[in-house]
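A.B. asks: Data file entry-v1.cif (mmCIF, C-alpha atoms) is appended below.
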```cif
data_target
loop_
_atom_site.label_atom_id
_atom_site.label_comp_id
_atom_site.auth_asym_id
_atom_site.auth_seq_id
_atom_site.Cartn_x
_atom_site.Cartn_y
_atom_site.Cartn_z
CA MET A 383 -15.32 -12.39 26.48
CA SER A 384 -16.38 -15.99 26.12
CA ASP A 385 -15.85 -18.07 22.97
CA GLN A 386 -19.63 -18.17 22.51
CA GLN A 387 -19.59 -14.42 22.04
CA SER A 388 -16.90 -14.34 19.35
CA VAL A 389 -17.68 -13.21 15.80
CA PRO A 390 -15.99 -14.10 12.50
CA ARG A 391 -12.95 -11.90 11.95
CA VAL A 392 -12.02 -10.98 8.38
CA GLN A 393 -8.36 -11.63 7.61
CA MET A 394 -6.55 -11.83 4.27
CA LEU A 395 -2.91 -11.30 5.23
CA THR A 396 -1.71 -13.51 8.06
CA ALA A 397 0.65 -12.33 10.78
CA ASP A 398 3.39 -14.15 8.85
CA GLY A 399 2.73 -12.06 5.75
CA GLU A 400 1.07 -14.85 3.76
CA PHE A 401 -1.94 -13.98 1.61
CA ALA A 402 -4.43 -16.54 2.90
CA PRO A 403 -8.00 -15.15 3.06
CA ASN A 404 -10.11 -16.92 5.68
CA GLU A 405 -13.74 -17.92 5.24
CA ALA A 406 -15.03 -14.61 6.59
CA ALA A 407 -13.06 -12.77 3.91
CA ALA A 408 -14.80 -14.42 0.94
CA GLU A 409 -17.50 -11.76 0.65
CA PHE A 410 -14.89 -9.01 0.42
CA LEU A 411 -12.39 -10.56 -2.01
CA PRO A 412 -13.84 -8.77 -5.08
CA TYR A 413 -12.89 -5.49 -3.43
CA PHE A 414 -9.34 -6.68 -2.73
CA GLU A 415 -9.07 -7.69 -6.38
CA ARG A 416 -9.31 -4.02 -7.33
CA LEU A 417 -5.76 -3.65 -6.04
CA GLY A 418 -2.45 -4.12 -7.86
CA ASP A 419 1.26 -3.92 -7.12
CA SER A 420 1.30 -0.13 -7.16
CA ASP A 421 -1.43 -0.10 -4.49
CA PHE A 422 0.47 -2.60 -2.34
CA ARG A 423 3.55 -0.42 -2.50
CA GLN A 424 1.54 2.71 -1.75
CA PHE A 425 0.07 1.09 1.36
CA TYR A 426 3.58 0.20 2.53
CA ARG A 427 4.89 3.72 1.87
CA ASP A 428 1.96 5.25 3.77
CA MET A 429 2.59 3.10 6.82
CA VAL A 430 6.37 3.54 6.93
CA ILE A 431 6.17 7.31 6.48
CA VAL A 432 3.53 7.86 9.16
CA ARG A 433 5.38 5.67 11.66
CA ARG A 434 8.54 7.74 11.23
CA PHE A 435 6.53 10.97 11.45
CA ASP A 436 4.75 9.64 14.54
CA ARG A 437 8.05 8.80 16.25
CA ASP A 438 9.54 12.21 15.53
CA ALA A 439 6.40 14.02 16.68
CA ALA A 440 6.58 12.17 20.01
CA ASN A 441 10.21 13.26 20.32
CA LEU A 442 9.18 16.87 19.67
CA GLN A 443 6.77 16.66 22.58
CA ARG A 444 9.47 15.23 24.86
CA GLN A 445 11.69 18.14 23.86
CA GLY A 446 9.03 20.65 24.90
CA GLN A 447 8.01 21.65 21.38
CA LEU A 448 4.46 20.24 21.56
CA ALA A 449 1.96 20.33 24.39
CA LEU A 450 0.88 16.76 23.71
CA TRP A 451 1.24 14.00 21.14
CA VAL A 452 -1.17 11.19 20.27
CA PRO A 453 0.80 8.19 18.94
CA SER A 454 -0.56 5.93 16.20
CA HIS A 455 2.13 3.19 16.31
CA GLY A 456 0.49 -0.17 15.63
CA GLN A 457 -2.70 1.16 14.07
CA GLU A 458 -1.25 2.01 10.63
CA ALA A 459 -2.92 -0.82 8.70
CA ALA A 460 -6.42 -0.10 10.00
CA GLN A 461 -6.04 3.55 9.06
CA VAL A 462 -4.25 3.20 5.71
CA GLY A 463 -6.58 0.48 4.39
CA SER A 464 -9.74 2.36 5.32
CA GLY A 465 -8.35 5.74 4.28
CA ARG A 466 -7.34 4.47 0.84
CA ALA A 467 -10.78 2.84 0.41
CA ALA A 468 -12.59 6.19 0.58
CA ARG A 469 -13.31 8.11 -2.61
CA ALA A 470 -12.36 11.74 -3.12
CA GLN A 471 -15.95 12.94 -2.67
CA ASP A 472 -16.37 11.19 0.70
CA HIS A 473 -16.17 13.09 3.98
CA ILE A 474 -13.92 11.85 6.79
CA PHE A 475 -14.54 12.67 10.44
CA PRO A 476 -11.46 11.67 12.49
CA SER A 477 -10.98 11.46 16.22
CA TYR A 478 -7.44 12.65 17.06
CA ARG A 479 -5.17 9.75 16.05
CA GLU A 480 -5.77 9.39 12.30
CA HIS A 481 -2.64 11.23 11.17
CA VAL A 482 -2.06 9.07 8.11
CA VAL A 483 -5.67 9.31 6.96
CA GLY A 484 -5.29 13.09 6.94
CA MET A 485 -2.06 12.76 4.95
CA ILE A 486 -3.78 10.47 2.44
CA ARG A 487 -6.49 13.09 2.00
CA GLY A 488 -3.87 15.77 1.28
CA LEU A 489 -3.47 17.37 4.71
CA ASP A 490 -0.06 18.83 5.53
CA PRO A 491 0.81 17.03 8.80
CA VAL A 492 2.38 20.20 10.18
CA ASN A 493 -1.19 21.41 10.60
CA ILE A 494 -1.70 18.53 13.05
CA LEU A 495 1.44 19.62 14.89
CA ARG A 496 0.03 23.16 15.14
CA VAL A 497 -3.03 21.80 16.93
CA LEU A 498 -0.93 19.70 19.32
CA LYS A 499 1.37 22.66 19.92
CA GLY A 500 -1.69 24.57 21.10
CA VAL A 501 -1.44 27.50 18.68
CA THR A 502 -4.75 26.84 16.92
CA MET A 503 -8.12 25.41 17.89
CA GLY A 504 -8.67 24.01 14.40
CA GLY A 505 -5.83 23.97 11.96
CA TRP A 506 -7.26 23.33 8.51
CA ASP A 507 -10.19 23.84 6.18
CA PRO A 508 -11.75 20.45 5.30
CA ALA A 509 -12.79 21.73 1.86
CA GLU A 510 -9.13 22.35 1.02
CA ASN A 511 -7.88 19.08 2.54
CA GLY A 512 -9.77 16.24 0.92
CA ASN A 513 -12.91 16.66 3.05
CA PHE A 514 -10.87 15.60 6.09
CA HIS A 515 -12.66 17.32 8.96
CA LEU A 516 -11.07 18.66 12.11
CA TYR A 517 -9.69 16.59 14.96
CA SER A 518 -12.09 16.26 17.88
CA PHE A 519 -10.66 16.16 21.39
CA VAL A 520 -14.13 15.99 22.94
CA LEU A 521 -14.43 12.22 23.02
CA ALA A 522 -16.95 10.80 20.53
CA SER A 523 -18.43 14.15 19.53
CA GLN A 524 -17.30 13.60 15.95
CA SER A 525 -19.72 10.67 15.61
CA LEU A 526 -22.65 13.05 15.97
CA HIS A 527 -21.08 15.54 13.56
CA ALA A 528 -20.63 12.74 11.02
CA THR A 529 -24.18 11.46 11.30
CA GLY A 530 -25.58 14.96 11.00
CA TYR A 531 -23.43 15.55 7.94
CA ALA A 532 -24.58 12.28 6.38
CA MET A 533 -28.22 13.26 6.98
CA GLY A 534 -27.45 16.54 5.23
CA MET A 535 -26.18 14.63 2.20
CA GLN A 536 -29.56 12.92 2.00
CA PHE A 537 -31.41 16.23 2.20
CA ASP A 538 -29.12 17.72 -0.46
CA GLY A 539 -29.48 14.72 -2.76
CA THR A 540 -25.73 14.17 -3.12
CA THR A 541 -25.91 10.46 -2.38
CA ALA A 542 -27.75 7.36 -3.62
CA THR A 543 -28.39 8.82 -7.08
CA GLY A 544 -27.06 5.70 -8.77
CA ASN A 545 -23.81 7.29 -9.90
CA PRO A 546 -20.94 5.80 -7.87
CA GLU A 547 -18.52 8.34 -9.35
CA THR A 548 -20.27 11.24 -7.61
CA ASP A 549 -22.39 9.76 -4.83
CA GLU A 550 -21.04 10.73 -1.43
CA ALA A 551 -20.61 8.92 1.88
CA VAL A 552 -19.26 9.67 5.34
CA MET A 553 -16.77 7.72 7.42
CA VAL A 554 -16.21 8.44 11.10
CA TYR A 555 -13.32 7.09 13.19
CA TYR A 556 -13.52 6.42 16.90
CA GLY A 557 -12.08 4.06 19.48
CA ASP A 558 -13.28 1.39 21.85
CA GLY A 559 -13.36 3.93 24.68
CA ALA A 560 -15.57 6.30 22.69
CA SER A 561 -17.95 3.41 22.01
CA SER A 562 -18.97 3.66 25.68
CA GLN A 563 -19.95 7.30 25.25
CA GLY A 564 -23.55 8.35 24.78
CA ASP A 565 -22.63 10.36 21.69
CA VAL A 566 -21.65 7.27 19.69
CA ASN A 567 -24.79 5.41 20.65
CA GLU A 568 -26.96 8.40 19.76
CA ALA A 569 -25.17 8.69 16.42
CA LEU A 570 -25.82 5.00 15.72
CA VAL A 571 -29.52 5.41 16.53
CA PHE A 572 -29.96 8.31 14.13
CA ALA A 573 -27.81 6.69 11.43
CA SER A 574 -29.90 3.52 11.56
CA SER A 575 -33.23 5.34 11.76
CA TYR A 576 -32.48 7.57 8.78
CA GLN A 577 -30.35 4.99 6.91
CA THR A 578 -27.55 7.48 6.44
CA PRO A 579 -24.75 6.90 3.90
CA GLN A 580 -22.18 6.24 6.56
CA VAL A 581 -19.47 3.88 7.85
CA PHE A 582 -18.58 3.81 11.54
CA PHE A 583 -14.90 2.76 11.72
CA LEU A 584 -14.13 1.62 15.26
CA GLN A 585 -10.45 1.05 16.09
CA ASN A 586 -10.42 -1.34 19.01
CA ASN A 587 -6.86 -0.89 20.25
CA GLY A 588 -7.51 -2.76 23.48
CA TRP A 589 -7.42 0.08 25.95
CA ALA A 590 -9.43 3.21 26.69
CA ILE A 591 -6.40 4.88 28.27
CA SER A 592 -6.07 2.53 31.31
CA VAL A 593 -9.40 0.67 31.03
CA PRO A 594 -9.31 -2.62 29.06
CA VAL A 595 -11.98 -3.14 26.44
CA GLU A 596 -13.27 -6.23 28.29
CA ARG A 597 -14.43 -3.96 31.08
CA GLN A 598 -16.36 -1.77 28.66
CA SER A 599 -18.25 -4.38 26.69
CA ARG A 600 -19.29 -7.95 27.44
CA VAL A 601 -19.79 -8.70 23.74
CA PRO A 602 -17.60 -7.96 20.71
CA LEU A 603 -18.09 -4.36 19.67
CA ALA A 604 -18.86 -5.46 16.10
CA LEU A 605 -22.18 -6.77 17.47
CA ARG A 606 -23.19 -3.21 18.27
CA GLY A 607 -23.92 -2.86 14.55
CA PRO A 608 -26.71 -5.49 14.34
CA GLY A 609 -27.96 -4.25 17.68
CA PHE A 610 -28.65 -0.91 16.09
CA GLY A 611 -29.97 -2.42 12.85
CA MET A 612 -26.93 -2.24 10.60
CA PRO A 613 -24.21 -4.66 9.44
CA GLY A 614 -21.31 -5.12 11.82
CA THR A 615 -18.02 -6.57 10.56
CA GLN A 616 -14.96 -7.40 12.64
CA ILE A 617 -11.60 -7.32 10.87
CA ASP A 618 -7.97 -7.99 11.70
CA GLY A 619 -6.99 -4.35 12.09
CA ASN A 620 -3.32 -5.10 11.48
CA ASP A 621 -4.17 -6.50 8.04
CA VAL A 622 -4.20 -3.60 5.60
CA PHE A 623 -5.91 -5.69 2.90
CA ALA A 624 -8.83 -6.62 5.15
CA SER A 625 -9.17 -3.01 6.21
CA TYR A 626 -9.25 -1.83 2.60
CA ALA A 627 -11.64 -4.44 1.23
CA VAL A 628 -14.22 -4.34 4.03
CA THR A 629 -14.25 -0.54 4.11
CA ALA A 630 -14.55 -0.32 0.32
CA LYS A 631 -17.59 -2.60 0.32
CA HIS A 632 -19.39 -0.81 3.12
CA LEU A 633 -18.67 2.61 1.62
CA ASP A 634 -19.93 1.43 -1.77
CA ASP A 635 -23.11 0.17 -0.11
CA ALA A 636 -23.54 3.45 1.78
CA ARG A 637 -23.19 5.54 -1.39
CA ALA A 638 -25.71 3.27 -3.14
CA GLY A 639 -28.36 4.00 -0.50
CA HIS A 640 -28.12 0.77 1.49
CA GLY A 641 -27.57 2.56 4.79
CA PRO A 642 -24.82 2.61 7.41
CA ALA A 643 -22.45 -0.11 8.61
CA LEU A 644 -20.05 -0.59 11.49
CA ILE A 645 -16.51 -1.98 11.21
CA GLU A 646 -14.56 -3.06 14.29
CA ALA A 647 -10.82 -3.21 13.57
CA ILE A 648 -8.97 -5.31 16.15
CA THR A 649 -5.58 -3.68 16.52
CA TYR A 650 -3.21 -2.69 19.30
CA ARG A 651 -1.90 0.57 20.70
CA VAL A 652 1.79 -0.28 21.06
CA GLY A 653 2.72 2.88 22.88
CA ALA A 654 0.98 5.24 25.24
CA HIS A 655 -2.54 6.62 24.76
CA THR A 656 -0.91 10.03 24.64
CA THR A 657 2.43 11.35 25.82
CA ALA A 658 0.65 12.29 29.07
CA ASP A 659 0.08 8.59 29.78
CA ASP A 660 2.32 5.83 31.19
CA PRO A 661 0.99 2.42 30.06
CA THR A 662 3.52 0.56 32.24
CA LYS A 663 1.32 1.48 35.21
CA TYR A 664 -1.59 -0.66 34.05
CA ARG A 665 -0.47 -2.90 31.16
CA ARG A 666 1.62 -6.07 31.29
CA ASP A 667 4.81 -6.21 29.21
CA ALA A 668 3.87 -9.72 28.08
CA GLU A 669 0.73 -8.40 26.42
CA THR A 670 2.66 -5.88 24.36
CA ALA A 671 5.29 -8.48 23.49
CA ASP A 672 2.54 -10.77 22.23
CA TRP A 673 1.32 -8.13 19.79
CA LEU A 674 4.66 -6.99 18.38
CA PRO A 675 5.10 -9.99 16.00
CA ARG A 676 1.76 -9.03 14.45
CA ASP A 677 3.13 -5.67 13.34
CA PRO A 678 1.23 -4.41 10.27
CA ILE A 679 4.29 -3.04 8.48
CA THR A 680 6.38 -6.17 8.96
CA ARG A 681 3.68 -8.45 7.60
CA LEU A 682 3.13 -6.33 4.48
CA ARG A 683 6.88 -6.15 3.88
CA THR A 684 7.06 -9.95 4.05
CA PHE A 685 4.23 -10.15 1.51
CA LEU A 686 6.02 -7.72 -0.83
CA GLU A 687 9.34 -9.52 -0.52
CA ALA A 688 7.64 -12.81 -1.43
CA ARG A 689 6.37 -11.12 -4.62
CA GLY A 690 9.92 -10.22 -5.57
CA THR A 691 9.90 -6.55 -4.58
CA GLU A 692 13.42 -5.24 -4.91
CA GLN A 693 15.46 -4.10 -1.87
CA SER A 694 15.88 -0.65 -3.40
CA PHE A 695 12.15 0.00 -2.92
CA PHE A 696 12.43 -0.57 0.83
CA ASP A 697 15.61 1.52 1.05
CA ASP A 698 14.03 4.36 -0.93
CA THR A 699 10.91 4.25 1.26
CA ASP A 700 13.01 4.49 4.44
CA ALA A 701 14.89 7.46 2.99
CA GLU A 702 11.65 9.14 1.94
CA ALA A 703 10.20 8.65 5.42
CA ALA A 704 13.28 10.21 7.02
CA ASP A 705 13.13 13.21 4.67
CA PHE A 706 9.42 13.62 5.31
CA ALA A 707 9.82 13.58 9.09
CA ASN A 708 12.84 15.87 9.03
CA ASP A 709 10.94 18.42 6.94
CA ALA A 710 7.94 18.28 9.28
CA ARG A 711 10.24 18.70 12.28
CA ARG A 712 12.00 21.69 10.74
CA ARG A 713 8.74 23.44 9.97
CA ALA A 714 7.27 22.55 13.35
CA LEU A 715 10.17 24.34 15.05
CA GLU A 716 9.35 27.44 12.98
CA ILE A 717 5.76 27.63 14.24
CA GLU A 718 5.21 30.80 16.22
CA ALA A 719 2.52 31.33 18.82
CA PRO A 720 -0.21 33.80 17.84
CA GLY A 721 -0.76 36.99 19.82
CA ASP A 722 -3.17 37.13 22.75
CA GLU A 723 -5.59 39.14 20.64
CA VAL A 724 -6.80 36.02 18.81
CA ILE A 725 -8.56 34.94 22.01
CA PHE A 726 -10.90 37.90 21.72
CA ASP A 727 -11.03 38.91 18.06
CA ASN A 728 -13.68 36.49 16.80
CA VAL A 729 -15.99 36.18 19.81
CA TYR A 730 -18.50 38.67 18.34
CA ALA A 731 -18.86 40.09 14.85
CA GLU A 732 -19.00 43.64 16.27
CA PRO A 733 -17.02 45.22 19.16
CA HIS A 734 -18.45 44.25 22.55
CA PRO A 735 -17.76 46.14 25.83
CA LEU A 736 -17.33 42.96 27.89
CA VAL A 737 -14.75 41.55 25.49
CA THR A 738 -12.97 44.92 25.38
CA GLU A 739 -12.84 44.94 29.20
CA GLN A 740 -11.50 41.39 29.36
CA LYS A 741 -8.85 42.12 26.73
CA ALA A 742 -7.68 45.19 28.67
CA TRP A 743 -7.52 43.14 31.90
CA LEU A 744 -5.34 40.48 30.26
CA GLU A 745 -2.98 43.09 28.84
CA SER A 746 -2.66 44.65 32.30
CA PHE A 747 -2.11 41.24 33.90
CA GLU A 748 0.61 40.30 31.42
CA ALA A 749 2.31 43.68 31.86
CA SER A 750 2.40 43.20 35.63
CA PHE A 751 5.01 40.46 35.19
CA GLU A 752 7.28 42.88 33.39
CA ASP A 753 7.05 45.76 35.86
CA GLY A 754 7.39 43.49 38.91
CA SER A 755 3.98 44.21 40.45
CA ALA A 756 2.69 40.66 39.96
#
```
Show me, as structure tokens, the structure contained in the file I just sent.
C.D. replies:
Amino acid sequence: MSDQQSVPRVQMLTADGEFAPNEAAAEFLPYFERLGDSDFRQFYRDMVIVRRFDRDAANLQRQGQLALWVPSHGQEAAQVGSGRAARAQDHIFPSYREHVVGMIRGLDPVNILRVLKGVTMGGWDPAENGNFHLYSFVLASQSLHATGYAMGMQFDGTTATGNPETDEAVMVYYGDGASSQGDVNEALVFASSYQTPQVFFLQNNGWAISVPVERQSRVPLALRGPGFGMPGTQIDGNDVFASYAVTAKHLDDARAGHGPALIEAITYRVGAHTTADDPTKYRRDAETADWLPRDPITRLRTFLEARGTEQSFFDDTDAEAADFANDARRRALEIEAPGDEVIFDNVYAEPHPLVTEQKAWLESFEASFEDGSA
């Protein structure tokens, strides 16, 4: 992209961990000022715990315990800031990488491991898990689900009533690769046309598997917002404060009836797209090395240390993260595969001869391996 096509990027916490809001951040500072020391520490705990969980989940896949894993290393600040900015009544539509957002909303992360182990097509009830909806492995489909849900809120009158304590909004997560999908663009059209109470949270991690973002878009993706008739804000996605403040403002505006907004969080996928991917085949080591000093956890730790946070807090957080990951690992190893009958049991409400025939065929096929006829 050329310099002429750049947009202001909101940053409050520099890569060196110094709180130094830039000019683009001025509009959002009142939202940052809602935070205090306990929030800062909570953000740090969230990021450290999910990174340890993420590492151990990847190891489980390498040990043959999961079919696939989707790493989130490097994107913790974008997710924690935005996830903590949502209110309890809001609905969250994730893609398949927002592990810590689910944890913030009360989801047991072992339910994510069940999905990636391949023993369930869903894994949790959003109503029982902080309105955190199911992961979507059909790229970008969740953007349409989110916009439809936000339109439903308007029809039901659960938003824009003037009461910020109960008014609802929707936030949908997707990546730079999904932004090239028709689904996202259709969702943006409907959201703008109907002025839905919605925030589109785009994590631009640089790569759509092996395709760089520069090949997908000749302009910053934040400009897609104004192109569709809604605000578009680009943030430093490794700055948890910018992520929180910008998301909080746009969600407040959405609940108040001011329509949708788009946030582009510039971050970096440090590891592979999934454990089925090898980024060394298409990505230069120098690029990754350039991003590592901008690590979101390191910069927040530096900020906390400068405020006099005691060493025991960091030690306790590390210990908590290890306990958390060990517990998730133990329970993941106890997950048992369901019987074959679940493939057929909920296809129709009543017994159906075709399903009965297919079930009998599968049982016969499986038995053939045992009697040696296969």
A.B. asks: Could you tell me which of A:Tyr626, A:Phe519, A:Tyr478, A:Tyr531 comes closest to Tyr555 of chain A if we count only C-alpha atoms?
C.D. replies: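 Ranked by minimum distance to Tyr555 of chain A, first place goes to A:Tyr478.
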A.B. asks: Go through A:Gln524, A:Thr502, A:Asn567, A:Ser746 one by one, measure the shortest atom-to-atom distance of each to Pro720 of chain A using all atoms listed in the file, and give the residue with the smallest value.
C.D. replies: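 That would be A:Thr502, the residue with the smallest distance to Pro720 of chain A.
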A.B. asks: The PyMOL selection byres ((chain A and resi 498) around 12) on the file shown: which residues, as JSON, numbers by chain?
C.D. replies: {"A": [439, 440, 442, 443, 446, 447, 448, 449, 450, 451, 452, 453, 478, 479, 481, 491, 492, 493, 494, 495, 496, 497, 499, 500, 501, 502, 503, 504, 505, 517, 518, 519, 656, 657, 714, 717]}
A.B. asks: Which one is closest to Arg681 of chain A: A:Glu752, A:Asp507, A:Asp621, A:Glu409? Count all atoms listed in the file.
C.D. replies: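 Counting all atoms listed in the file, the residue closest to Arg681 of chain A is A:Asp621.
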A.B. asks: From the list A:Glu415, A:Asp472, A:Glu596, A:Glu568, which residue is nearest Met535 of chain A when using only C-alpha atoms?
C.D. replies: A:Asp472
A.B. asks: When the PyMOL selection byres ((chain A and resi 613) around 8) is applied to the structure above, which residues does it catch, written out as a compact mmCIF listing (two decimals) with C-alpha atoms, in the frame of the given file?
C.D. replies:
```
# COMPACT_ATOMS: atom_id res chain seq x y z
CA GLY A 607 -23.92 -2.86 14.55
CA PRO A 608 -26.71 -5.49 14.34
CA GLY A 611 -29.97 -2.42 12.85
CA MET A 612 -26.93 -2.24 10.60
CA GLY A 614 -21.31 -5.12 11.82
CA THR A 615 -18.02 -6.57 10.56
CA PRO A 642 -24.82 2.61 7.41
CA ALA A 643 -22.45 -0.11 8.61
CA LEU A 644 -20.05 -0.59 11.49
```
